[in-house]
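As structure tokens, the structure follows; a few thoughts come after it.
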Amino acid sequence: PVPDEVALRILKKELKCENLNDIFDDLHLVASASLGQVYKATLKKEGHEVAIKVQRPNILQSFSLDLFLLQSLGYVLDSIFTTVTKQAAYHHALFDAFSRSSYLELDYENEAQNQIQFKIELAKRKCKVKVPSTYNQYTTQHVLTSEWINGTRLADAPKDQIKALISDGVELFLIQLLDFGRFHADPHPGNIYVTDDGILCLLDFGLCSDIDPKARSAMTKAIVHLLTGDFDSLIARDAKDLGFLPEDLDISELKPILKTILTKGLLESGSNLHNRKRKLMDISNELNDLFFRYPFSVPPFFALVTRGLGLLEGIALSGDPEFDIFRASLPYATKRAIDIMGSQSLRKITH
């Protein structure tokens, strides 16, 4: 961690105060991370316990170098892949979207606004997930003050508690992905907590991504088509609407290959991650050939989506070995599909 005298000097400067004891009681360091460190304190005026995140000094310079190198790598990868395969250029766009979102992660006022927006939008949808309140009067570009949460990481909770809460986690994930359109893009185990009174809690809103209405609609249909086995619609329409394939691509040759991969690699492997990994390894040559011969692309938001999905599934399986992320997603995806298309249109795509 950064020495206390350095971090607290930044805190004083940001909050424009000579003596932090005028604002806080029992201010002490509790955690340190790559971008900043977190202090716990009690607000003198309000009497509330808070978490105070203080950004590391000079982080912008090292951060900018890392992101510059990442974007340069994107150009190199695009050059290689478009030369030796028919794959579309997407690496630079993917890394550029990540870089733009990452720069915003350094703006704690922006993070506070994300946090407020999530709190409002999730409450509107009656999602059973807590988002900590923010204290804007003690928040600046380099300092974020939020409600202190007493609890434990979901990944460290008892198995029966994980099993009981995972449906709330799936709903949280799908509300962002299919309805709200603003996505928490950094859902690592340290950002998903269980409060002492047993409620799921989402933390750290610095890295968020947007999913436009067209992509949300296409994603909803794709999940329903995948789980109902309608691979024709999934490949011919959804893959193009989501940007994985060009609109003008003739998919007649591609369709049977993708059907085999989707069936073997996802549906037949069931809920077990090891089985799914083994199945994907079994068809790895087919996958390599597919990406070599066809102009696939990865939408910038999708890498963040799959990261969140993988984390959620991993935690869920630790509490319920029979958990299946695809089946768990179907009820909410079906509900969203009815909202978007109406029940009659849904019946057409599922029968």
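Chain identifiers are assigned as A, B, and so on, following the order in which chains appear in the structure tokens; residues are numbered from 1 within each chain, and ligands are numbered from 1 in order of appearance.
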
From a DSSP calculation on the backbone, collect every residue of region 18-226 of chain A in strand (DSSP E or B) and output the set as a ChimeraX atom specification.
/A:24-32,36-43,49-55,129-130,134,143-147,151-153,182-184,192-195,200-202,208-210

Mind checking which residues fall within 12 Å of Asp168 (chain A), counting only C-alpha atoms, ignoring those fewer than 4 positions away in the same chain, and posting them as a ChimeraX atom specification?
/A:122,126-130,154,161-164,172-175,192,194,198-202,312,316,328-329,332

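In this comparison, which uses only C-alpha atoms, the residue of A:Lys13, A:Lys259, A:Lys44, A:His92 approaching Leu70 (chain A) most closely is A:His92.
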
Identify, on the basis of only C-alpha atoms, every residue whose closest approach to Val131 (chain A) does not exceed 10 Å; exclude the query and any residue fewer than 4 positions from it along the same chain; express the result as JSON, numbers by chain.
{"A": [115, 116, 117, 118, 119, 120, 122, 123, 146, 147, 149, 200, 201, 202, 203, 204, 205]}

Determine which residues of region 184-257 of chain A receive a DSSP assignment of helix (DSSP H, G or I), computed from the backbone, and state them as a ChimeraX atom specification.
/A:189-191,213-227,231-241,254-257
